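For reference, start13.cif is printed below; it contains mmCIF, C-alpha atoms.
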```cif
data_start
#
loop_
_atom_site.label_atom_id
_atom_site.label_comp_id
_atom_site.auth_asym_id
_atom_site.auth_seq_id
_atom_site.Cartn_x
_atom_site.Cartn_y
_atom_site.Cartn_z
CA MET A 1 0.00 0.00 0.00
CA PRO A 2 1.27 3.53 -0.74
CA GLN A 3 2.62 5.44 2.24
CA TYR A 4 0.55 8.63 2.49
CA LEU A 5 2.35 11.70 3.71
CA TYR A 6 0.70 14.54 5.53
CA ASN A 7 2.10 17.85 6.66
CA ARG A 8 1.32 21.47 5.91
CA PHE A 9 3.51 21.50 2.78
CA LEU A 10 3.11 17.99 1.35
CA ARG A 11 -0.47 17.12 2.19
CA GLY A 12 -1.81 14.32 0.04
CA LYS A 13 1.50 13.35 -1.52
CA LYS A 14 2.29 9.66 -1.51
CA LEU A 15 5.07 7.20 -2.16
CA GLY A 16 4.32 4.58 -4.78
CA ASN A 17 7.17 2.27 -3.77
CA PRO A 18 7.91 0.78 -0.34
CA PRO A 19 11.03 1.54 1.71
CA THR A 20 14.06 -0.32 0.38
CA PHE A 21 17.21 -1.23 2.28
CA ILE A 22 20.45 -2.53 0.75
CA VAL A 23 22.30 -4.71 3.24
CA GLY A 24 25.20 -7.16 3.23
CA CYS A 25 28.74 -7.60 4.40
CA GLY A 26 30.78 -4.47 3.67
CA HIS A 27 32.88 -4.60 0.49
CA SER A 28 30.29 -6.79 -1.24
CA GLY A 29 29.21 -4.13 -3.75
CA THR A 30 26.44 -2.45 -1.76
CA SER A 31 27.71 1.06 -2.61
CA LEU A 32 27.87 0.15 -6.27
CA LEU A 33 24.30 -1.10 -6.22
CA LEU A 34 23.05 2.08 -4.52
CA ALA A 35 24.82 4.18 -7.15
CA ILE A 36 23.11 2.21 -9.92
CA LEU A 37 19.63 2.25 -8.38
CA GLY A 38 19.98 5.92 -7.49
CA THR A 39 20.14 6.67 -11.21
CA HIS A 40 16.68 5.16 -11.77
CA SER A 41 13.98 7.78 -12.29
CA ARG A 42 11.74 6.31 -9.58
CA PHE A 43 14.21 6.18 -6.70
CA TYR A 44 15.77 8.61 -4.26
CA ALA A 45 19.10 7.28 -2.94
CA VAL A 46 19.68 8.27 0.69
CA PRO A 47 23.17 9.80 0.29
CA SER A 48 24.84 8.38 3.41
CA GLU A 49 24.99 5.32 5.60
CA THR A 50 22.54 6.26 8.34
CA SER A 51 22.68 3.21 10.66
CA VAL A 52 19.03 4.05 11.31
CA GLY A 53 18.25 0.44 12.18
CA PHE A 54 20.34 0.69 15.34
CA ARG A 55 18.61 3.80 16.68
CA LYS A 56 15.95 3.98 19.39
CA HIS A 57 12.47 3.20 18.17
CA TRP A 58 11.20 6.79 18.01
CA LYS A 59 14.38 8.06 16.37
CA MET A 60 14.20 5.34 13.78
CA ARG A 61 10.60 6.18 12.90
CA LEU A 62 11.54 9.87 12.66
CA HIS A 63 14.39 9.15 10.26
CA LEU A 64 12.23 6.91 8.09
CA TRP A 65 9.65 9.71 7.92
CA LEU A 66 12.40 12.15 6.90
CA PHE A 67 13.44 9.76 4.13
CA ASP A 68 9.80 9.84 2.98
CA MET A 69 9.81 13.64 2.99
CA ASN A 70 13.08 13.91 1.07
CA THR A 71 11.80 11.45 -1.50
CA VAL A 72 8.63 13.43 -2.15
CA CYS A 73 10.60 16.68 -2.34
CA ALA A 74 12.91 15.06 -4.89
CA GLY A 75 9.91 14.08 -7.01
CA LYS A 76 10.59 10.35 -6.61
CA SER A 77 8.23 7.53 -5.70
CA GLY A 78 10.46 5.53 -3.35
CA TRP A 79 13.73 5.68 -1.44
CA ILE A 80 16.65 3.32 -1.04
CA GLU A 81 18.94 3.35 1.99
CA LYS A 82 22.26 1.51 2.20
CA THR A 83 24.03 0.58 5.42
CA PRO A 84 25.78 -2.80 5.12
CA ARG A 85 25.46 -3.64 8.83
CA HIS A 86 21.71 -3.33 8.57
CA ILE A 87 21.98 -7.01 7.73
CA TYR A 88 21.48 -7.34 11.49
CA CYS A 89 18.30 -5.21 11.36
CA ILE A 90 16.21 -7.02 8.74
CA ARG A 91 13.67 -8.32 11.23
CA ARG A 92 13.28 -4.88 12.79
CA PHE A 93 12.67 -3.19 9.45
CA LEU A 94 10.01 -5.74 8.54
CA GLU A 95 8.29 -5.20 11.88
CA ILE A 96 8.24 -1.39 11.72
CA ARG A 97 7.56 -1.12 7.97
CA PRO A 98 6.06 -4.50 6.97
CA ASP A 99 6.09 -3.59 3.29
CA SER A 100 9.84 -2.93 3.32
CA LYS A 101 11.96 -4.46 0.58
CA ILE A 102 15.37 -5.80 1.55
CA ILE A 103 18.13 -6.25 -1.03
CA LEU A 104 20.71 -8.60 0.46
CA MET A 105 23.98 -8.51 -1.46
CA ILE A 106 26.54 -11.29 -1.29
CA ARG A 107 30.00 -11.70 -2.79
CA ASP A 108 32.77 -14.28 -2.78
CA GLY A 109 34.12 -14.16 0.76
CA ARG A 110 37.69 -14.50 -0.46
CA ASP A 111 37.42 -11.29 -2.49
CA VAL A 112 35.59 -9.55 0.37
CA ALA A 113 38.36 -10.51 2.79
CA CYS A 114 41.03 -9.23 0.40
CA SER A 115 39.19 -5.93 -0.01
CA ILE A 116 38.83 -5.48 3.75
CA GLN A 117 42.50 -6.39 4.20
CA LYS A 118 43.42 -3.59 1.79
CA ARG A 119 41.56 -1.18 4.04
CA THR A 120 42.44 -2.49 7.51
CA GLY A 121 45.49 -4.68 7.02
CA SER A 122 43.81 -7.80 8.43
CA LEU A 123 42.71 -10.67 6.20
CA GLU A 124 41.46 -12.66 9.19
CA ASP A 125 39.21 -9.82 10.35
CA GLY A 126 37.85 -9.60 6.82
CA ILE A 127 36.90 -13.25 6.47
CA ARG A 128 35.45 -13.40 9.99
CA ARG A 129 33.29 -10.39 9.23
CA TRP A 130 32.08 -12.06 6.02
CA ILE A 131 31.15 -15.19 7.98
CA ASP A 132 29.33 -13.34 10.77
CA ASP A 133 27.46 -10.87 8.56
CA ASN A 134 26.29 -13.46 6.07
CA ASN A 135 25.22 -15.86 8.81
CA ALA A 136 23.02 -13.06 10.14
CA GLY A 137 21.33 -12.61 6.76
CA ARG A 138 21.09 -16.26 5.70
CA GLN A 139 17.92 -16.91 7.71
CA PHE A 140 16.04 -14.34 5.58
CA TRP A 141 16.99 -15.61 2.13
CA GLU A 142 13.59 -17.21 1.58
CA HIS A 143 11.52 -14.29 2.92
CA PRO A 144 9.22 -12.86 0.21
CA ASN A 145 10.36 -9.30 0.98
CA VAL A 146 14.04 -10.17 0.66
CA TYR A 147 15.95 -10.38 -2.61
CA VAL A 148 19.41 -11.97 -2.66
CA ILE A 149 21.73 -10.64 -5.35
CA ARG A 150 25.29 -11.71 -6.09
CA TYR A 151 27.95 -9.17 -6.98
CA GLU A 152 29.26 -11.67 -9.51
CA SER A 153 25.90 -11.82 -11.31
CA LEU A 154 25.89 -8.04 -11.62
CA ILE A 155 29.27 -8.20 -13.35
CA GLU A 156 28.49 -11.21 -15.55
CA ASP A 157 25.05 -10.16 -16.81
CA PHE A 158 24.15 -6.62 -15.79
CA ASP A 159 20.90 -6.22 -17.73
CA SER A 160 19.34 -9.53 -16.73
CA THR A 161 20.41 -9.19 -13.10
CA MET A 162 19.11 -5.65 -12.77
CA SER A 163 15.89 -6.43 -14.65
CA SER A 164 15.06 -9.18 -12.17
CA LEU A 165 15.89 -6.96 -9.21
CA LEU A 166 13.82 -4.06 -10.52
CA THR A 167 10.86 -6.39 -11.10
CA PHE A 168 11.13 -7.34 -7.41
CA LEU A 169 11.09 -3.62 -6.57
CA GLY A 170 8.03 -3.07 -8.74
CA VAL A 171 9.55 -0.85 -11.43
CA ASP A 172 10.68 -1.22 -15.03
CA PHE A 173 14.24 -1.54 -16.25
CA GLU A 174 15.67 1.73 -17.54
CA PRO A 175 18.66 1.56 -19.93
CA ASP A 176 20.10 4.77 -18.44
CA ILE A 177 21.11 2.92 -15.29
CA ARG A 178 23.96 1.38 -17.31
CA GLU A 179 25.45 4.89 -17.38
CA TYR A 180 25.11 5.46 -13.63
CA HIS A 181 28.71 6.69 -13.39
CA LYS A 182 27.97 9.72 -15.58
CA THR A 183 25.88 11.30 -12.80
CA PRO A 184 28.28 12.70 -10.15
CA LYS A 185 27.70 11.23 -6.69
CA ARG A 186 29.06 12.55 -3.42
CA TYR A 187 27.78 9.96 -0.97
CA TYR A 188 30.95 9.72 1.11
CA ALA A 189 33.08 12.76 0.26
CA ASP A 190 33.00 16.00 -1.70
CA GLU A 191 35.98 14.87 -3.77
CA ILE A 192 35.47 12.52 -6.71
CA ALA A 193 39.17 12.26 -7.61
CA LYS A 194 41.02 9.06 -6.71
CA PRO A 195 42.97 9.44 -3.43
CA PRO A 196 46.58 8.23 -3.04
CA ALA A 197 45.51 5.14 -1.06
CA ALA A 198 42.46 3.10 -0.02
CA HIS A 199 43.22 2.63 3.69
CA GLU A 200 41.39 4.27 6.58
CA GLU A 201 42.72 7.80 6.17
CA HIS A 202 41.47 8.02 2.59
CA HIS A 203 38.76 5.38 2.72
CA ARG A 204 35.71 7.61 2.30
CA GLN A 205 37.19 9.49 -0.64
CA TYR A 206 38.27 6.19 -2.21
CA ARG A 207 34.74 4.81 -1.90
CA ASN A 208 33.32 7.97 -3.43
CA TRP A 209 35.75 7.70 -6.33
CA GLN A 210 34.78 4.05 -6.87
CA ILE A 211 31.04 4.70 -7.21
CA ASN A 212 31.73 7.32 -9.85
CA GLN A 213 33.58 4.83 -12.08
CA PRO A 214 32.10 2.63 -14.84
CA LEU A 215 31.28 -0.93 -13.86
CA PHE A 216 34.49 -2.93 -13.51
CA ASP A 217 35.21 -6.55 -12.74
CA GLY A 218 36.46 -6.91 -9.16
CA ARG A 219 36.36 -10.70 -9.12
CA GLY A 220 39.36 -12.93 -8.45
CA LYS A 221 41.38 -10.66 -6.17
CA TRP A 222 41.83 -13.62 -3.83
CA LYS A 223 44.08 -15.34 -6.38
CA LYS A 224 46.91 -13.04 -5.28
CA MET A 225 46.75 -14.37 -1.71
CA THR A 226 49.76 -16.25 -0.40
CA ASP A 227 49.44 -19.96 0.31
CA GLU A 228 49.37 -19.15 4.01
CA GLU A 229 46.53 -16.68 3.51
CA LYS A 230 44.57 -19.16 1.41
CA LYS A 231 44.94 -21.76 4.14
CA LEU A 232 43.65 -19.29 6.73
CA VAL A 233 40.55 -18.55 4.64
CA LYS A 234 39.96 -22.26 3.97
CA ASP A 235 40.19 -23.12 7.64
CA LEU A 236 37.74 -20.40 8.65
CA ALA A 237 35.29 -20.26 5.74
CA GLY A 238 35.94 -23.21 3.44
CA GLN A 239 32.66 -24.99 4.12
CA MET A 240 30.64 -21.77 3.93
CA LEU A 241 32.21 -20.91 0.57
CA VAL A 242 31.14 -24.33 -0.70
CA GLU A 243 27.60 -23.86 0.64
CA TYR A 244 27.35 -20.43 -1.00
CA GLY A 245 28.46 -21.87 -4.32
CA TYR A 246 31.77 -20.03 -4.63
CA VAL A 247 33.88 -23.18 -4.69
CA ASN A 248 32.98 -26.73 -5.66
CA ASP A 249 35.24 -28.38 -3.09
CA HIS A 250 38.18 -27.58 -0.83
CA SER A 251 40.86 -28.01 -3.52
CA TRP A 252 41.21 -24.38 -4.56
#
```

Show how you would write the structure in this file as structure tokens.
Amino acid sequence: MPQYLYNRFLRGKKLGNPPTFIVGCGHSGTSLLLAILGTHSRFYAVPSETSVGFRKHWKMRLHLWLFDMNTVCAGKSGWIEKTPRHIYCIRRFLEIRPDSKIILMIRDGRDVACSIQKRTGSLEDGIRRWIDDNNAGRQFWEHPNVYVIRYESLIEDFDSTMSSLLTFLGVDFEPDIREYHKTPKRYYADEIAKPPAAHEEHHRQYRNWQINQPLFDGRGKWKKMTDEEKKLVKDLAGQMLVEYGYVNDHSW
């Protein structure tokens, strides 16, 4: 059902699309997906990670209402918010806004761990985060309001993958979303230029630079891991990688 909005300025306006949250382990492509969907004519992309799902009940409802207001003011019919750690808040979103749509993004844990290592210096922290975050989301994979999308599918077949996702969101595919990078985005920093490094000091600017680039293939970074690093990842996440379909057995 449309969410009707009432105040002295926007009386009678309504949202045609339900609240949408992009969640998943960090470094799984959630920022990329927000950048793409934010180019669609129907959606307003909330331009920051709000962590609204971790706020007190009344503050959360207030922020969701503000998202509604901003969406109407932007002339859009629905909003999309992206905070990766909201993967721990799926149940809460569905309780407070039962019509919410959840896009749960997953990616090869080996590549996620390598990406996190580049930022923090710790491969082990990266793979443990991938395990914990995805375990939190796994129980919702079959929920009708949850759509699981793989980063790899987005790279391999953009149009088909996005068409299926947009059907789930109740809108049509728009070819212009392929050119998402041509619309400047300043979600994380004012600068769009590539910083000298990707680690913590420059992380936000690096992320902002990334989402302003054309789609590129970030698969297979794990192949540069040392044998010792591969063993660490196998020991911690080997079985989960098999279950998620990223490896056929433990021989990689």

Neighbours of range 88-97 of chain A within 12 Å (only C-alpha atoms; same-chain residues fewer than 5 positions away dropped), as a PyMOL selection string?
chain A and resi 1-3+18-25+51-58+60-62+64-65+81+83+102-104+132-141+143-147

Dump of C-alpha atoms for the selected residues, as an mmCIF file, in the coordinates of the input:
```
data_model
loop_
_atom_site.group_PDB
_atom_site.id
_atom_site.type_symbol
_atom_site.label_atom_id
_atom_site.label_comp_id
_atom_site.auth_asym_id
_atom_site.auth_seq_id
_atom_site.Cartn_x
_atom_site.Cartn_y
_atom_site.Cartn_z
ATOM 1 C CA MET A 1 0.000 0.000 0.000
ATOM 2 C CA PRO A 2 1.270 3.530 -0.740
ATOM 3 C CA GLN A 3 2.620 5.440 2.240
ATOM 4 C CA PRO A 18 7.910 0.780 -0.340
ATOM 5 C CA PRO A 19 11.030 1.540 1.710
ATOM 6 C CA THR A 20 14.060 -0.320 0.380
ATOM 7 C CA PHE A 21 17.210 -1.230 2.280
ATOM 8 C CA ILE A 22 20.450 -2.530 0.750
ATOM 9 C CA VAL A 23 22.300 -4.710 3.240
ATOM 10 C CA GLY A 24 25.200 -7.160 3.230
ATOM 11 C CA CYS A 25 28.740 -7.600 4.400
ATOM 12 C CA SER A 51 22.680 3.210 10.660
ATOM 13 C CA VAL A 52 19.030 4.050 11.310
ATOM 14 C CA GLY A 53 18.250 0.440 12.180
ATOM 15 C CA PHE A 54 20.340 0.690 15.340
ATOM 16 C CA ARG A 55 18.610 3.800 16.680
ATOM 17 C CA LYS A 56 15.950 3.980 19.390
ATOM 18 C CA HIS A 57 12.470 3.200 18.170
ATOM 19 C CA TRP A 58 11.200 6.790 18.010
ATOM 20 C CA MET A 60 14.200 5.340 13.780
ATOM 21 C CA ARG A 61 10.600 6.180 12.900
ATOM 22 C CA LEU A 62 11.540 9.870 12.660
ATOM 23 C CA LEU A 64 12.230 6.910 8.090
ATOM 24 C CA TRP A 65 9.650 9.710 7.920
ATOM 25 C CA GLU A 81 18.940 3.350 1.990
ATOM 26 C CA THR A 83 24.030 0.580 5.420
ATOM 27 C CA ILE A 102 15.370 -5.800 1.550
ATOM 28 C CA ILE A 103 18.130 -6.250 -1.030
ATOM 29 C CA LEU A 104 20.710 -8.600 0.460
ATOM 30 C CA ASP A 132 29.330 -13.340 10.770
ATOM 31 C CA ASP A 133 27.460 -10.870 8.560
ATOM 32 C CA ASN A 134 26.290 -13.460 6.070
ATOM 33 C CA ASN A 135 25.220 -15.860 8.810
ATOM 34 C CA ALA A 136 23.020 -13.060 10.140
ATOM 35 C CA GLY A 137 21.330 -12.610 6.760
ATOM 36 C CA ARG A 138 21.090 -16.260 5.700
ATOM 37 C CA GLN A 139 17.920 -16.910 7.710
ATOM 38 C CA PHE A 140 16.040 -14.340 5.580
ATOM 39 C CA TRP A 141 16.990 -15.610 2.130
ATOM 40 C CA HIS A 143 11.520 -14.290 2.920
ATOM 41 C CA PRO A 144 9.220 -12.860 0.210
ATOM 42 C CA ASN A 145 10.360 -9.300 0.980
ATOM 43 C CA VAL A 146 14.040 -10.170 0.660
ATOM 44 C CA TYR A 147 15.950 -10.380 -2.610
#
```

| Reference answer for the PyMOL selection byres ((chain A and resi 72) around 9), as a PyMOL selection string | chain A and resi 5+10+13-15+44+67-71+73-78

Would you mind exporting C-alpha atoms of the selected residues as a PDB file, keeping the file's coordinate frame?
```pdb
ATOM      1  CA  LEU A   5       2.350  11.700   3.710  1.00  0.00           C
ATOM      2  CA  LEU A  10       3.110  17.990   1.350  1.00  0.00           C
ATOM      3  CA  LYS A  13       1.500  13.350  -1.520  1.00  0.00           C
ATOM      4  CA  LYS A  14       2.290   9.660  -1.510  1.00  0.00           C
ATOM      5  CA  LEU A  15       5.070   7.200  -2.160  1.00  0.00           C
ATOM      6  CA  TYR A  44      15.770   8.610  -4.260  1.00  0.00           C
ATOM      7  CA  PHE A  67      13.440   9.760   4.130  1.00  0.00           C
ATOM      8  CA  ASP A  68       9.800   9.840   2.980  1.00  0.00           C
ATOM      9  CA  MET A  69       9.810  13.640   2.990  1.00  0.00           C
ATOM     10  CA  ASN A  70      13.080  13.910   1.070  1.00  0.00           C
ATOM     11  CA  THR A  71      11.800  11.450  -1.500  1.00  0.00           C
ATOM     12  CA  CYS A  73      10.600  16.680  -2.340  1.00  0.00           C
ATOM     13  CA  ALA A  74      12.910  15.060  -4.890  1.00  0.00           C
ATOM     14  CA  GLY A  75       9.910  14.080  -7.010  1.00  0.00           C
ATOM     15  CA  LYS A  76      10.590  10.350  -6.610  1.00  0.00           C
ATOM     16  CA  SER A  77       8.230   7.530  -5.700  1.00  0.00           C
ATOM     17  CA  GLY A  78      10.460   5.530  -3.350  1.00  0.00           C
TER      18      GLY A  78
END
```

re CA of Leu34 in chain A and CA of Gly170 in chain A: distance 16.4 Å

Using all atoms listed in the file, the best pick from A:Lys223, A:His40, A:Arg204, A:Lys194 as closest to Trp79 in chain A would be A:His40

Gly26 in chain A proximity check over A:Val112, A:Ala189, A:Val233, A:Leu165, using all atoms listed in the file: winner is A:Val112

- Task: Could you tell me which of A:Ile211, A:Met105, A:Leu166, A:Val171 comes closest to Ala193 in chain A if we count all atoms listed in the file?
- Result: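 Result for the nearest residue to Ala193 in chain A: A:Ile211.
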
Report the residues retrieved by the PyMOL selection byres ((chain A and resi 212) around 10) from the displayed file, expressed as a PDB file with C-alpha atoms, in the coordinates of the input.
```
ATOM      1  CA  LEU A  32      27.870   0.150  -6.270  1.00  0.00           C
ATOM      2  CA  ALA A  35      24.820   4.180  -7.150  1.00  0.00           C
ATOM      3  CA  TYR A 180      25.110   5.460 -13.630  1.00  0.00           C
ATOM      4  CA  HIS A 181      28.710   6.690 -13.390  1.00  0.00           C
ATOM      5  CA  LYS A 182      27.970   9.720 -15.580  1.00  0.00           C
ATOM      6  CA  THR A 183      25.880  11.300 -12.800  1.00  0.00           C
ATOM      7  CA  PRO A 184      28.280  12.700 -10.150  1.00  0.00           C
ATOM      8  CA  LYS A 185      27.700  11.230  -6.690  1.00  0.00           C
ATOM      9  CA  ARG A 186      29.060  12.550  -3.420  1.00  0.00           C
ATOM     10  CA  ILE A 192      35.470  12.520  -6.710  1.00  0.00           C
ATOM     11  CA  ALA A 193      39.170  12.260  -7.610  1.00  0.00           C
ATOM     12  CA  LYS A 194      41.020   9.060  -6.710  1.00  0.00           C
ATOM     13  CA  ARG A 207      34.740   4.810  -1.900  1.00  0.00           C
ATOM     14  CA  ASN A 208      33.320   7.970  -3.430  1.00  0.00           C
ATOM     15  CA  TRP A 209      35.750   7.700  -6.330  1.00  0.00           C
ATOM     16  CA  GLN A 210      34.780   4.050  -6.870  1.00  0.00           C
ATOM     17  CA  ILE A 211      31.040   4.700  -7.210  1.00  0.00           C
ATOM     18  CA  GLN A 213      33.580   4.830 -12.080  1.00  0.00           C
ATOM     19  CA  PRO A 214      32.100   2.630 -14.840  1.00  0.00           C
ATOM     20  CA  LEU A 215      31.280  -0.930 -13.860  1.00  0.00           C
TER      21      LEU A 215
END
```

For a test of reading the model, state the distance in Å between CA of Thr30 in chain A and CA of Thr226 in chain A, rounded to one decimal.
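Atom-to-atom, CA of Thr30 in chain A to CA of Thr226 in chain A, that is 27.1 Å.
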
Note to self: I'd like the interatomic distance between CA of Ser153 in chain A and CA of Trp222 in chain A, to a tenth of an Å.
What the structure shows: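 Separation of CA of Ser153 in chain A and CA of Trp222 in chain A: 17.7 Å.
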
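Taking all atoms listed in the file into account, His27 in chain A lies nearest to A:Gly218 out of the set A:Pro175, A:Pro196, A:Gly218, A:Gly121.
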
Which residue of A:Ile80, A:Cys114, A:Ile177, A:Val46 approaches Gly220 in chain A most closely, using all atoms listed in the file
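Closest residue, counting all atoms listed in the file: A:Cys114.
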
Residue with the minimum atom-to-atom distance to Met162 in chain A, picked from A:Glu228, A:Leu37, A:Gln239, A:Asp108 with only C-alpha atoms counted, is A:Leu37
